[in-house]
$ cat target.cif   # mmCIF, C-alpha atoms
data_protein
#
loop_
_atom_site.label_atom_id
_atom_site.label_comp_id
_atom_site.auth_asym_id
_atom_site.auth_seq_id
_atom_site.Cartn_x
_atom_site.Cartn_y
_atom_site.Cartn_z
CA ARG P 207 102.19 8.89 59.45
CA LEU P 208 101.41 12.27 60.95
CA VAL P 209 99.14 10.76 63.56
CA GLY P 210 101.77 8.27 64.60
CA SER P 211 104.42 10.97 64.90
CA GLU P 212 102.11 13.32 66.70
CA MET P 213 101.02 10.85 69.32
CA CYS P 214 104.64 10.07 70.19
CA ILE P 215 104.93 13.50 71.79
CA ARG P 216 101.63 13.21 73.61
CA ASP P 217 102.42 10.81 76.38
CA SER P 218 99.58 12.34 78.38
CA TYR P 219 97.09 10.86 75.90
CA CYS P 220 98.86 7.53 75.36
CA VAL P 221 97.43 5.68 78.33
CA THR P 222 95.60 2.52 79.30
CA LEU P 223 93.62 1.59 82.40
CA GLY P 224 95.73 0.39 85.31
CA TYR P 225 94.62 -1.16 88.60
CA GLU P 226 96.46 -1.39 91.88
CA GLU P 227 95.43 -1.72 95.53
CA GLY P 228 91.75 -1.27 94.77
CA GLU P 229 92.17 1.82 92.57
CA TYR P 230 91.97 2.37 88.82
CA PHE P 231 94.28 4.89 87.16
CA PHE P 232 95.69 5.84 83.77
CA ALA P 233 98.97 4.08 83.09
CA GLU P 234 101.46 4.52 80.24
CA ASN P 235 100.58 2.74 77.00
CA ASP P 236 103.41 2.32 74.50
CA ARG P 237 101.34 0.42 71.94
CA PRO P 238 100.57 2.23 68.63
CA VAL P 239 97.51 4.44 68.49
CA VAL P 240 94.99 2.82 66.13
CA ILE P 241 94.25 4.45 62.77
CA LEU P 242 91.18 2.99 61.04
CA ASN P 243 90.33 3.23 57.36
CA SER P 244 86.72 3.96 58.29
CA LEU P 245 84.54 6.38 60.23
CA ALA P 246 83.59 3.69 62.73
CA SER P 247 83.57 4.44 66.46
CA PRO P 248 85.64 1.73 68.16
CA THR P 249 85.41 0.63 71.77
CA PHE P 250 88.15 2.07 73.98
CA ASN P 251 90.17 0.00 76.42
CA THR P 252 89.90 -3.08 74.18
CA GLU P 253 92.22 -4.78 71.70
CA GLU P 254 90.30 -2.91 68.98
CA THR P 255 92.08 0.28 70.11
CA ASN P 256 95.24 -1.35 71.50
CA MET P 257 93.80 -0.60 74.96
CA HIS P 258 94.02 3.15 74.24
CA PHE P 259 91.39 5.81 74.99
CA ILE P 260 91.98 7.65 71.72
CA SER P 261 91.82 6.58 68.07
CA PHE P 262 91.84 8.07 64.58
CA GLY P 263 90.01 7.22 61.40
CA TYR P 264 89.72 8.41 57.81
CA LYS P 265 87.48 7.77 54.83
CA ASP P 266 86.92 9.76 51.63
CA ASP P 267 87.45 13.40 52.65
CA TRP P 268 86.86 12.93 56.40
CA ILE P 269 89.34 12.62 59.25
CA VAL P 270 87.94 11.46 62.59
CA ILE P 271 89.36 11.76 66.10
CA ASN P 272 87.69 9.70 68.82
CA MET P 273 88.67 10.44 72.41
CA PHE P 274 87.41 9.40 75.83
CA HIS P 275 86.03 12.54 77.49
CA ILE P 276 87.49 11.67 80.90
CA LEU P 277 90.94 11.69 79.29
CA THR P 278 90.65 15.33 78.27
CA ASP P 279 88.15 17.98 77.20
CA GLY P 280 87.50 19.99 74.03
CA THR P 281 90.47 22.25 74.71
CA GLY P 282 92.81 19.29 75.03
CA LEU P 283 91.36 17.67 71.92
CA TYR P 284 91.81 20.88 69.95
CA SER P 285 95.52 20.85 70.76
CA VAL P 286 95.69 17.51 68.93
CA LEU P 287 93.57 18.85 66.07
CA ARG P 288 95.70 22.00 65.67
CA THR P 289 98.89 19.96 65.31
CA LEU P 290 97.24 17.60 62.85
CA LEU P 291 95.86 20.44 60.72
CA TYR P 292 99.13 22.36 60.85
CA TYR P 293 101.08 19.52 59.26
CA TYR P 294 98.32 17.99 57.12
CA CYS P 295 97.37 21.23 55.37
CA GLY P 296 101.04 22.11 54.98
CA GLU P 297 101.89 18.84 53.24
CA ARG P 298 98.61 18.35 51.36
CA TYR P 299 97.94 21.92 50.19
CA GLY P 300 101.29 23.65 50.66
CA VAL P 301 99.92 26.33 52.99
CA SER P 302 102.07 27.76 55.75
CA GLU P 303 100.77 28.95 59.10
CA GLU P 304 102.32 30.55 62.14
CA PRO P 305 103.04 27.73 64.59
CA LYS P 306 101.64 29.75 67.48
CA ASN P 307 99.89 27.55 70.05
CA VAL P 308 100.85 24.45 68.03
CA ARG P 309 102.76 21.59 69.64
CA LEU P 310 105.34 20.76 67.01
CA LEU P 311 106.59 17.26 66.25
CA GLY P 312 109.63 16.38 68.31
CA GLN P 313 108.82 19.03 70.87
CA PRO P 314 109.19 17.51 74.34
CA VAL P 315 106.21 17.41 76.66
CA SER P 316 106.71 20.15 79.22
CA GLU P 317 105.91 19.80 82.90
CA VAL P 318 103.04 22.29 82.59
CA GLU P 319 101.18 19.83 80.36
CA TRP P 320 101.34 17.22 83.11
CA TYR P 321 100.28 19.67 85.81
CA ASP P 322 97.07 18.67 87.59
CA PRO P 323 95.87 21.68 89.62
CA TYR P 324 93.41 19.53 91.56
CA GLN P 325 96.37 17.93 93.35
CA THR P 326 97.51 21.29 94.75
CA LEU P 327 94.16 23.06 94.82
CA LYS P 328 93.86 25.94 97.25
CA PRO P 329 91.03 25.01 99.66
CA VAL P 330 88.21 27.51 100.03
CA PRO P 331 85.12 27.46 102.31
CA LEU P 332 82.22 25.60 100.73
CA ASN P 333 78.68 26.53 101.66
CA PRO P 334 76.08 23.79 101.27
CA LYS P 335 73.93 24.43 98.22
CA PRO P 336 70.35 23.23 97.81
CA MET P 337 69.78 20.81 94.98
CA PRO P 338 68.43 22.67 91.94
CA GLY P 339 64.78 22.03 91.19
CA PRO P 340 63.61 20.00 88.20
CA ALA P 341 63.82 21.50 84.73
CA VAL P 342 61.22 21.41 81.98
CA ASN P 343 61.08 17.98 80.40
CA ILE P 344 61.91 18.69 76.75
CA ARG P 345 60.54 15.29 75.75
CA LYS P 346 56.97 16.42 76.47
CA GLY P 347 54.86 15.89 73.37
CA ILE P 348 57.40 13.58 71.72
CA PRO P 349 56.17 10.02 71.11
CA GLU P 350 57.43 7.58 73.72
CA GLU P 351 58.71 5.21 71.02
CA ASP P 352 61.01 7.92 69.62
CA ARG P 353 64.16 6.82 71.47
CA THR P 354 66.79 6.92 68.72
CA SER P 355 69.45 9.60 69.16
CA ALA P 356 69.91 12.17 66.40
CA LEU P 357 72.59 14.69 65.47
CA PHE P 358 71.73 17.88 63.57
CA HIS P 359 74.43 19.89 61.80
CA LEU P 360 73.64 23.59 61.32
CA LEU P 361 75.74 26.24 59.56
CA VAL P 362 75.46 29.85 60.77
CA PRO P 363 77.49 32.68 59.14
CA GLU P 364 80.13 33.81 61.62
CA LYS P 365 80.09 37.55 60.91
CA GLU P 366 76.30 37.94 61.04
CA PHE P 367 76.01 35.92 64.24
CA MET P 368 78.91 37.72 65.93
CA ASP P 369 77.43 41.12 65.01
CA PHE P 370 74.09 39.97 66.43
CA CYS P 371 75.74 38.87 69.69
CA VAL P 372 77.59 42.17 70.07
CA ARG P 373 74.40 44.18 69.45
CA HIS P 374 72.70 42.31 72.26
CA ASP P 375 75.58 42.34 74.76
CA SER P 376 76.31 38.63 74.50
CA THR P 377 78.75 35.97 73.32
CA PRO P 378 78.01 33.04 70.95
CA ALA P 379 77.56 30.22 73.46
CA THR P 380 75.70 32.38 75.98
CA MET P 381 73.38 33.62 73.23
CA ILE P 382 72.59 30.06 72.09
CA CYS P 383 71.71 29.20 75.71
CA LEU P 384 69.37 32.18 75.86
CA LEU P 385 67.69 31.51 72.50
CA LEU P 386 67.01 27.90 73.49
CA CYS P 387 65.58 29.05 76.83
CA ARG P 388 63.24 31.44 75.00
CA ILE P 389 62.18 28.66 72.63
CA ILE P 390 61.39 26.29 75.50
CA HIS P 391 59.38 29.00 77.27
CA ARG P 392 57.27 29.51 74.15
CA MET P 393 56.74 25.77 73.76
CA PHE P 394 55.79 25.31 77.42
CA PRO P 395 54.36 28.68 78.56
CA ASP P 396 52.56 27.19 81.58
CA ALA P 397 55.42 25.01 82.82
CA GLN P 398 56.27 25.38 86.52
CA GLU P 399 59.67 23.70 86.17
CA ALA P 400 62.86 25.67 85.58
CA ILE P 401 64.17 26.59 82.14
CA ARG P 402 67.86 26.04 82.78
CA PHE P 403 70.93 25.22 80.65
CA LEU P 404 74.52 24.55 81.63
CA LEU P 405 77.19 26.58 79.86
CA CYS P 406 80.50 24.71 79.66
CA THR P 407 83.64 26.67 80.51
CA ASN P 408 87.38 26.09 80.26
CA ASP P 409 88.63 26.55 83.83
CA ARG P 410 92.35 26.29 83.03
CA LYS P 411 92.90 30.04 83.27
CA PHE P 412 91.33 30.30 86.71
CA LEU P 413 93.36 27.35 87.99
CA ASN P 414 96.66 28.68 86.57
CA ALA P 415 96.98 25.63 84.34
CA GLU P 416 96.46 26.96 80.81
CA GLN P 417 98.77 24.36 79.21
CA SER P 418 97.53 21.36 81.16
CA CYS P 419 96.24 18.36 79.21
CA PHE P 420 93.73 17.31 81.84
CA ASN P 421 89.96 17.67 81.59
CA MET P 422 89.09 21.00 83.21
CA VAL P 423 85.56 21.65 82.05
CA GLY P 424 83.49 23.76 84.40
CA THR P 425 79.78 24.48 84.11
CA ILE P 426 77.72 27.58 84.80
CA PRO P 427 73.93 27.28 85.19
CA LEU P 428 71.96 29.82 83.15
CA GLU P 429 68.27 30.00 84.03
CA LEU P 430 65.55 32.06 82.40
CA LYS P 431 63.54 32.98 85.48
CA PRO P 432 59.81 33.78 85.32
CA GLU P 433 60.35 37.48 86.04
CA MET P 434 62.54 37.64 82.92
CA TYR P 435 60.00 36.15 80.51
CA ASP P 436 58.66 39.49 79.26
CA TRP P 437 62.01 41.27 79.08
CA SER P 438 63.63 42.27 75.80
CA LEU P 439 66.25 39.99 74.29
CA THR P 440 68.99 42.51 75.08
CA ARG P 441 68.00 42.78 78.73
CA GLN P 442 67.84 39.00 79.10
CA ALA P 443 71.22 38.67 77.37
CA THR P 444 72.79 41.22 79.71
CA VAL P 445 71.58 39.27 82.75
CA PHE P 446 72.91 35.99 81.30
CA ARG P 447 76.23 37.68 80.55
CA GLY P 448 76.31 38.91 84.16
CA MET P 449 75.72 35.37 85.44
CA VAL P 450 78.68 34.14 83.41
CA PHE P 451 80.88 37.07 84.46
CA ALA P 452 80.16 36.49 88.16
CA GLU P 453 81.03 32.81 87.92
CA THR P 454 84.33 33.47 86.18
CA PHE P 455 85.86 35.33 89.12
CA GLU P 456 88.80 33.32 90.43
CA LYS P 457 87.10 32.84 93.80
CA ASN P 458 84.00 31.27 92.24
CA ALA P 459 86.09 29.14 89.88
CA LEU P 460 88.01 27.82 92.90
CA VAL P 461 84.72 27.00 94.62
CA ARG P 462 83.63 24.98 91.56
CA ALA P 463 86.97 23.19 91.44
CA ASN P 464 86.83 22.37 95.17
CA GLU P 465 83.29 21.05 94.79
CA THR P 466 84.48 18.80 91.97
CA LYS P 467 87.42 17.59 94.03
CA MET P 468 85.19 16.92 97.04
CA LEU P 469 82.79 14.90 94.87
CA CYS P 470 85.67 12.82 93.48
CA GLU P 471 86.99 12.17 96.99
CA THR P 472 83.49 11.13 98.12
CA ILE P 473 83.25 8.67 95.24
CA LYS P 474 86.73 7.35 95.94
CA ALA P 475 85.87 6.73 99.59
CA ILE P 476 82.91 4.47 98.72
CA GLU P 477 83.82 0.81 99.08
CA GLY P 478 82.96 -1.50 96.18
CA GLU P 479 82.93 -0.83 92.45
CA GLN P 480 79.19 -1.40 92.04
CA GLN P 481 78.41 0.89 94.96
CA ARG P 482 80.57 3.64 93.49
CA ALA P 483 78.94 3.21 90.08
CA ALA P 484 75.47 3.42 91.64
CA PHE P 485 76.40 6.63 93.46
CA VAL P 486 77.71 8.18 90.24
CA GLN P 487 74.58 7.20 88.31
CA GLN P 488 72.42 8.76 91.02
CA ALA P 489 74.45 11.97 90.92
CA ILE P 490 74.22 12.13 87.11
CA GLY P 491 70.48 11.52 87.34
CA GLY P 492 70.11 14.55 89.60
CA ILE P 493 71.93 16.74 87.08
CA VAL P 494 69.97 15.36 84.11
CA HIS P 495 66.62 16.22 85.66
CA SER P 496 67.72 19.73 86.66
CA ILE P 497 68.67 21.04 83.20
CA CYS P 498 67.23 21.26 79.69
CA GLY P 499 70.65 20.78 78.09
CA MET P 500 74.27 21.88 77.82
CA VAL P 501 76.02 24.30 75.46
CA SER P 502 79.75 24.39 74.74
CA TYR P 503 81.91 26.55 72.48
CA VAL P 504 84.76 24.27 71.55
CA GLY P 505 86.97 26.65 69.58
CA LYS P 506 87.82 28.74 66.55
CA SER P 507 90.30 27.89 63.82
CA ALA P 508 93.64 29.62 64.23
CA PHE P 509 94.73 28.88 60.63
CA PRO P 510 93.44 31.53 58.22
CA ASN P 511 95.42 30.13 55.27
CA ALA P 512 94.20 26.57 55.80
CA ASP P 513 90.60 27.56 56.55
CA PRO P 514 89.46 27.46 52.88
CA TYR P 515 90.39 23.76 52.75
CA ILE P 516 88.32 22.91 55.83
CA ARG P 517 84.85 22.23 54.48
CA ASP P 518 83.23 20.87 57.61
CA VAL P 519 83.93 20.32 61.30
CA ARG P 520 81.64 18.32 63.54
CA SER P 521 82.29 17.99 67.24
CA PHE P 522 79.94 16.23 69.62
CA ALA P 523 79.81 14.19 72.78
CA GLU P 524 77.19 11.94 74.27
CA SER P 525 74.35 14.00 75.75
CA ALA P 526 72.76 12.43 78.80
CA ALA P 527 70.89 15.63 79.61
CA GLY P 528 68.37 17.06 77.17
CA LEU P 529 69.92 18.94 74.27
CA GLY P 530 73.68 18.85 73.79
CA VAL P 531 74.96 21.75 71.67
CA GLN P 532 78.54 22.27 70.46
CA LEU P 533 79.75 25.35 68.59
CA ALA P 534 82.93 25.61 66.52
CA ALA P 535 84.06 28.38 64.17
CA PHE P 536 85.83 27.49 60.92
CA ASN P 537 86.08 29.05 57.48
CA GLY P 538 83.69 31.93 58.16
CA SER P 539 80.92 29.85 59.71
CA PHE P 540 79.77 28.71 63.10
CA MET P 541 79.20 24.98 62.89
CA LEU P 542 76.54 24.03 65.41
CA GLU P 543 75.88 20.44 66.39
CA MET P 544 72.75 19.54 68.32
CA ILE P 545 72.65 16.03 69.70
CA GLN P 546 69.53 14.66 71.37
CA GLN P 547 68.06 11.33 72.40
CA PHE P 548 65.15 11.42 69.96
CA GLN P 549 64.65 12.02 66.22
CA ASP P 550 61.99 14.77 66.41
CA ASP P 551 63.45 17.97 64.88
CA ARG P 552 61.28 20.56 66.65
CA TYR P 553 64.13 22.17 68.60
CA ILE P 554 66.62 22.58 65.77
CA GLN P 555 63.87 23.93 63.52
CA ALA P 556 62.76 26.36 66.23
CA LEU P 557 66.36 27.54 66.66
CA ARG P 558 66.62 28.13 62.89
CA LYS P 559 63.43 30.21 62.94
CA GLU P 560 64.68 32.18 65.94
CA LEU P 561 67.97 33.03 64.24
CA GLU P 562 66.32 33.83 60.90
CA LYS P 563 63.85 36.11 62.71
CA TYR P 564 66.84 38.29 63.56
CA GLY P 565 68.17 38.25 60.00
CA ILE P 566 70.71 35.46 60.45
CA PRO P 567 70.49 32.86 57.65
CA THR P 568 71.05 29.21 58.50
CA LYS P 569 71.65 26.03 56.58
CA LEU P 570 70.66 22.66 57.99
CA CYS P 571 73.13 20.20 56.50
CA GLY P 572 71.24 17.13 57.56
CA THR P 573 70.36 14.71 60.32
CA PHE P 574 72.87 12.04 61.14
CA ASP P 575 72.85 8.80 63.07
CA VAL P 576 74.87 9.13 66.21
CA SER P 577 77.95 6.93 66.42
CA ILE P 578 79.94 7.56 69.57
CA SER P 579 82.74 5.40 70.90
CA LYS P 580 82.20 3.42 74.06
CA ALA P 581 84.73 2.50 76.71
CA ASP P 582 84.99 -0.98 78.16
CA LEU P 583 85.18 -0.16 81.86
CA PRO P 584 84.98 -2.89 84.50
CA TRP P 585 82.46 -1.05 86.67
CA LEU P 586 80.03 0.11 83.94
CA GLN P 587 78.03 -1.85 81.40
CA ASP P 588 77.48 0.97 78.87
CA CYS P 589 79.84 3.95 79.02
CA ARG P 590 79.68 6.27 76.03
CA CYS P 591 82.31 8.92 75.42
#

$ encode --input "target.cif" --output "structure tokens"
Amino acid sequence: RLVGSEMCIRDSYCVTLGYEEGEYFFAENDRPVVILNSLASPTFNTEETNMHFISFGYKDDWIVINMFHILTDGTGLYSVLRTLLYYYCGERYGVSEEPKNVRLLGQPVSEVEWYDPYQTLKPVPLNPKPMPGPAVNIRKGIPEEDRTSALFHLLVPEKEFMDFCVRHDSTPATMICLLLCRIIHRMFPDAQEAIRFLLCTNDRKFLNAEQSCFNMVGTIPLELKPEMYDWSLTRQATVFRGMVFAETFEKNALVRANETKMLCETIKAIEGEQQRAAFVQQAIGGIVHSICGMVSYVGKSAFPNADPYIRDVRSFAESAAGLGVQLAAFNGSFMLEMIQQFQDDRYIQALRKELEKYGIPTKLCGTFDVSISKADLPWLQDCRC
């Protein structure tokens, strides 16, 4: 009932795939959003989801939200989650929370939620950038037949990890990037390839679109360069923090946004669906081979009274590039998900040892089979979300 009511005020997420004059676009979808009595991952843009790109599910003590990543990003998804938790915990457990940053039922969708800054983006000069060199292949040493994706769920105490980050002049996601870089360097000390991760950012602030529902994920490359290998953790962390700080200036954020817009316009100008798909796959392939993985901090609970009732939160997306790491903070813990395209647990175990070396206890809650929704898109055979 709550899901149905909530989605009525989220027209921006109630869409289906439209087609007109050779172009695909999101069109309004007034059919009900599907709610499954299971944890299954349905296929979007099919009758299974009423042609939607979002669905919900529940079973035992789990609630699941599946969403197509092109539709929105973690920030947009968290706006849905906050509304759901606000009402669910209020009705189920009788807890009251301040409705700050919560879209209440019946509240009309404001124009700022529909605002797409890429349509009115301020153009800035773009200097041609060389393609980044190849990154260390993290599959080295892993049996070729190990091709089944795995998801690891790790609990890290929030206070201890935050104190650790502050002591070393860092932030949670940036520190995880650095620790993984250090781990990869130790595993492959003679590697000539780059040790590079992408840190995901929320670019809404820099684009003056903080309430927009659109996907506005930016990425910042963080590379542990050879001259940094022997530095102290604090010195390395300070340099990583400086890389992030430099990229978050408005000017640099606008450059990233203009590069994204230019890429989209290039793709749009290619004639033929198969040709466009081939170009996109080639571009993705270049990114995949230039990084060891991606790290994203997807949010912290804003509901202190409801927090004790939230036992577990797991957020993950398909990882085409190395290690995919998502961080979320709930109920006094950082909940870290590591998704990878093999079952071998060497990286999650190495991360546990690295954290515990600095006095931060961890708890590995298990390894899970990866079940991620797919989208039935006319131009792609296998599009995971």

$ resolve_selection --input "target.cif" --expression "the PyMOL selection byres ((chain P and resi 545) around 9)" --output "list in words"
Ser355, Ala356, Leu357, Phe358, His359, Phe522, Ala523, Glu524, Ser525, Gly528, Leu529, Gly530, Val531, Gln532, Glu543, Met544, Gln546, Gln547, Phe548 and Val576 of chain P

$ write_last_selection --input "target.cif" --atoms "C-alpha atoms" --output "tab-separated table (two decimals), keeping the file's coordinate frame"
chain	number	residue	atom	x	y	z
P	355	SER	CA	69.45	9.60	69.16
P	356	ALA	CA	69.91	12.17	66.40
P	357	LEU	CA	72.59	14.69	65.47
P	358	PHE	CA	71.73	17.88	63.57
P	359	HIS	CA	74.43	19.89	61.80
P	522	PHE	CA	79.94	16.23	69.62
P	523	ALA	CA	79.81	14.19	72.78
P	524	GLU	CA	77.19	11.94	74.27
P	525	SER	CA	74.35	14.00	75.75
P	528	GLY	CA	68.37	17.06	77.17
P	529	LEU	CA	69.92	18.94	74.27
P	530	GLY	CA	73.68	18.85	73.79
P	531	VAL	CA	74.96	21.75	71.67
P	532	GLN	CA	78.54	22.27	70.46
P	543	GLU	CA	75.88	20.44	66.39
P	544	MET	CA	72.75	19.54	68.32
P	546	GLN	CA	69.53	14.66	71.37
P	547	GLN	CA	68.06	11.33	72.40
P	548	PHE	CA	65.15	11.42	69.96
P	576	VAL	CA	74.87	9.13	66.21

$ residues_around --input "target.cif" --residues "stretch 330-342 of chain P" --least-positions-apart "4" --cutoff "12 Å" --atoms "all atoms listed in the file" --output "ChimeraX atom specification"
/P:346,387,389-404,427-431,456-468,489,491-499,527-529

$ resolve_selection --input "target.cif" --expression "the PyMOL selection byres ((chain P and resi 222-235) around 6)" --output "PyMOL selection string"
chain P and resi 220-221+236-237+257-258

$ closest_residue --input "target.cif" --among "P:Arg345, P:Lys365, P:Arg298, P:Lys411" --to "P:Ile566" --atoms "only C-alpha atoms"
P:Lys365

$ residues_around --input "target.cif" --residues "P:Arg558" --least-positions-apart "3" --cutoff "9 Å" --atoms "only C-alpha atoms" --output "list in words"
Leu360, Tyr553, Ile554, Gln555, Leu561, Glu562, Lys563, Ile566, Pro567, Thr568, Lys569 and Leu570 of chain P

$ residues_around --input "target.cif" --residues "P:Leu291" --least-positions-apart "4" --cutoff "9 Å" --atoms "only C-alpha atoms" --output "list in words"
Val286, Leu287, Cys295, Gly296, Phe509 and Ala512 of chain P

$ resolve_selection --input "target.cif" --expression "the PyMOL selection byres ((chain P and resi 534) around 9)" --output "list of chain:residue names"
P:Ser502, P:Tyr503, P:Val504, P:Gly505, P:Lys506, P:Ser507, P:Val519, P:Arg520, P:Ser521, P:Gln532, P:Leu533, P:Ala535, P:Phe536, P:Ser539, P:Phe540, P:Met541, P:Leu542, P:Glu543

$ residues_near_point --input "target.cif" --point "(80.6, 34.7, 70.4)" --cutoff "10 Å" --atoms "only C-alpha atoms" --output "list in words"
Glu364, Lys365, Phe367, Met368, Asp369, Phe370, Cys371, Val372, Ser376, Thr377, Pro378, Ala379, Thr380, Met381, Ile382, Tyr503, Leu533, Ala535 and Phe540 of chain P

$ closest_residue --input "target.cif" --among "P:Phe451, P:Pro432, P:Leu361, P:Ala508" --to "P:Thr289" --atoms "all atoms listed in the file"
P:Ala508

$ atom_distance --input "target.cif" --atom1 "atom CA of P:Met500" --atom2 "atom CA of P:Ala452"
18.8 Å

$ residues_around --input "target.cif" --residues "stretch 315-319 of chain P" --least-positions-apart "6" --cutoff "6 Å" --atoms "all atoms listed in the file" --output "list in words"
Gln417, Ser418 and Cys419 of chain P

$ write_last_selection --input "target.cif" --atoms "C-alpha atoms" --output "CSV table (one decimal), in the frame of the given file"
chain,number,residue,atom,x,y,z
P,417,GLN,CA,98.8,24.4,79.2
P,418,SER,CA,97.5,21.4,81.2
P,419,CYS,CA,96.2,18.4,79.2

$ closest_residue --input "target.cif" --among "P:Glu471, P:Ile516, P:Tyr294, P:Thr354" --to "P:Phe574" --atoms "only C-alpha atoms"
P:Thr354

$ closest_residue --input "target.cif" --among "P:Asp518, P:Glu560, P:Glu366, P:Asp513" --to "P:Tyr299" --atoms "only C-alpha atoms"
P:Asp513

$ closest_residue --input "target.cif" --among "P:Arg482, P:Arg288, P:Arg373, P:Lys328" --to "P:Arg309" --atoms "only C-alpha atoms"
P:Arg288

$ residues_around --input "target.cif" --residues "P:Asp582" --least-positions-apart "5" --cutoff "7 Å" --atoms "all atoms listed in the file" --output "list in words"
Thr249, Phe250, Asn251 and Thr252 of chain P

$ write_last_selection --input "target.cif" --atoms "C-alpha atoms" --output "mmCIF file, in the frame of the given file"
data_model
loop_
_atom_site.group_PDB
_atom_site.id
_atom_site.type_symbol
_atom_site.label_atom_id
_atom_site.label_comp_id
_atom_site.auth_asym_id
_atom_site.auth_seq_id
_atom_site.Cartn_x
_atom_site.Cartn_y
_atom_site.Cartn_z
ATOM 1 C CA THR P 249 85.410 0.630 71.770
ATOM 2 C CA PHE P 250 88.150 2.070 73.980
ATOM 3 C CA ASN P 251 90.170 0.000 76.420
ATOM 4 C CA THR P 252 89.900 -3.080 74.180
#

$ atom_distance --input "target.cif" --atom1 "atom CA of P:Ile276" --atom2 "atom CA of P:Glu453"
23.2 Å

$ atom_distance --input "target.cif" --atom1 "atom CA of P:Asp352" --atom2 "atom CA of P:Ser577"
17.3 Å

$ residues_near_point --input "target.cif" --point "(91.5, 25.7, 85.1)" --cutoff "10 Å" --atoms "all atoms listed in the file" --output "list of chain:residue names"
P:Asp322, P:Pro323, P:Tyr324, P:Thr407, P:Asn408, P:Asp409, P:Arg410, P:Lys411, P:Phe412, P:Leu413, P:Asn414, P:Ala415, P:Glu416, P:Gln417, P:Ser418, P:Phe420, P:Asn421, P:Met422, P:Val423, P:Gly424, P:Glu456, P:Ala459, P:Leu460, P:Ala463

$ closest_residue --input "target.cif" --among "P:Asp375, P:Glu479, P:Leu386, P:Lys306" --to "P:Thr444" --atoms "only C-alpha atoms"
P:Asp375

$ build_atoms --input "target.cif" --residues "stretch 306-318 of chain P" --atoms "N, CA and C atoms" --output "PDB file, in the frame of the given file"
ATOM      1  N   LYS P 306     102.028  29.297  66.159  1.00  0.00           N
ATOM      2  CA  LYS P 306     101.640  29.750  67.480  1.00  0.00           C
ATOM      3  C   LYS P 306     100.600  28.807  68.071  1.00  0.00           C
ATOM      4  N   ASN P 307     100.797  28.448  69.333  1.00  0.00           N
ATOM      5  CA  ASN P 307      99.890  27.550  70.050  1.00  0.00           C
ATOM      6  C   ASN P 307      99.785  26.160  69.409  1.00  0.00           C
ATOM      7  N   VAL P 308     100.822  25.780  68.631  1.00  0.00           N
ATOM      8  CA  VAL P 308     100.850  24.450  68.030  1.00  0.00           C
ATOM      9  C   VAL P 308     101.994  23.663  68.665  1.00  0.00           C
ATOM     10  N   ARG P 309     101.701  22.458  69.114  1.00  0.00           N
ATOM     11  CA  ARG P 309     102.760  21.590  69.640  1.00  0.00           C
ATOM     12  C   ARG P 309     103.418  20.903  68.454  1.00  0.00           C
ATOM     13  N   LEU P 310     104.633  21.250  68.179  1.00  0.00           N
ATOM     14  CA  LEU P 310     105.340  20.760  67.010  1.00  0.00           C
ATOM     15  C   LEU P 310     105.892  19.356  67.244  1.00  0.00           C
ATOM     16  N   LEU P 311     106.032  18.607  66.151  1.00  0.00           N
ATOM     17  CA  LEU P 311     106.590  17.260  66.250  1.00  0.00           C
ATOM     18  C   LEU P 311     108.007  17.324  66.796  1.00  0.00           C
ATOM     19  N   GLY P 312     108.313  16.419  67.691  1.00  0.00           N
ATOM     20  CA  GLY P 312     109.630  16.380  68.310  1.00  0.00           C
ATOM     21  C   GLY P 312     109.764  17.289  69.505  1.00  0.00           C
ATOM     22  N   GLN P 313     108.772  18.123  69.719  1.00  0.00           N
ATOM     23  CA  GLN P 313     108.820  19.030  70.870  1.00  0.00           C
ATOM     24  C   GLN P 313     108.538  18.234  72.136  1.00  0.00           C
ATOM     25  N   PRO P 314     109.420  18.307  73.128  1.00  0.00           N
ATOM     26  CA  PRO P 314     109.190  17.510  74.340  1.00  0.00           C
ATOM     27  C   PRO P 314     107.962  17.990  75.101  1.00  0.00           C
ATOM     28  N   VAL P 315     107.363  17.065  75.821  1.00  0.00           N
ATOM     29  CA  VAL P 315     106.210  17.410  76.660  1.00  0.00           C
ATOM     30  C   VAL P 315     106.722  18.136  77.899  1.00  0.00           C
ATOM     31  N   SER P 316     106.246  19.355  78.084  1.00  0.00           N
ATOM     32  CA  SER P 316     106.710  20.150  79.220  1.00  0.00           C
ATOM     33  C   SER P 316     105.956  19.758  80.487  1.00  0.00           C
ATOM     34  N   GLU P 317     106.531  20.143  81.622  1.00  0.00           N
ATOM     35  CA  GLU P 317     105.910  19.800  82.900  1.00  0.00           C
ATOM     36  C   GLU P 317     104.542  20.443  83.047  1.00  0.00           C
ATOM     37  N   VAL P 318     104.324  21.609  82.422  1.00  0.00           N
ATOM     38  CA  VAL P 318     103.040  22.290  82.590  1.00  0.00           C
ATOM     39  C   VAL P 318     101.902  21.487  81.965  1.00  0.00           C
TER      40      VAL P 318
END
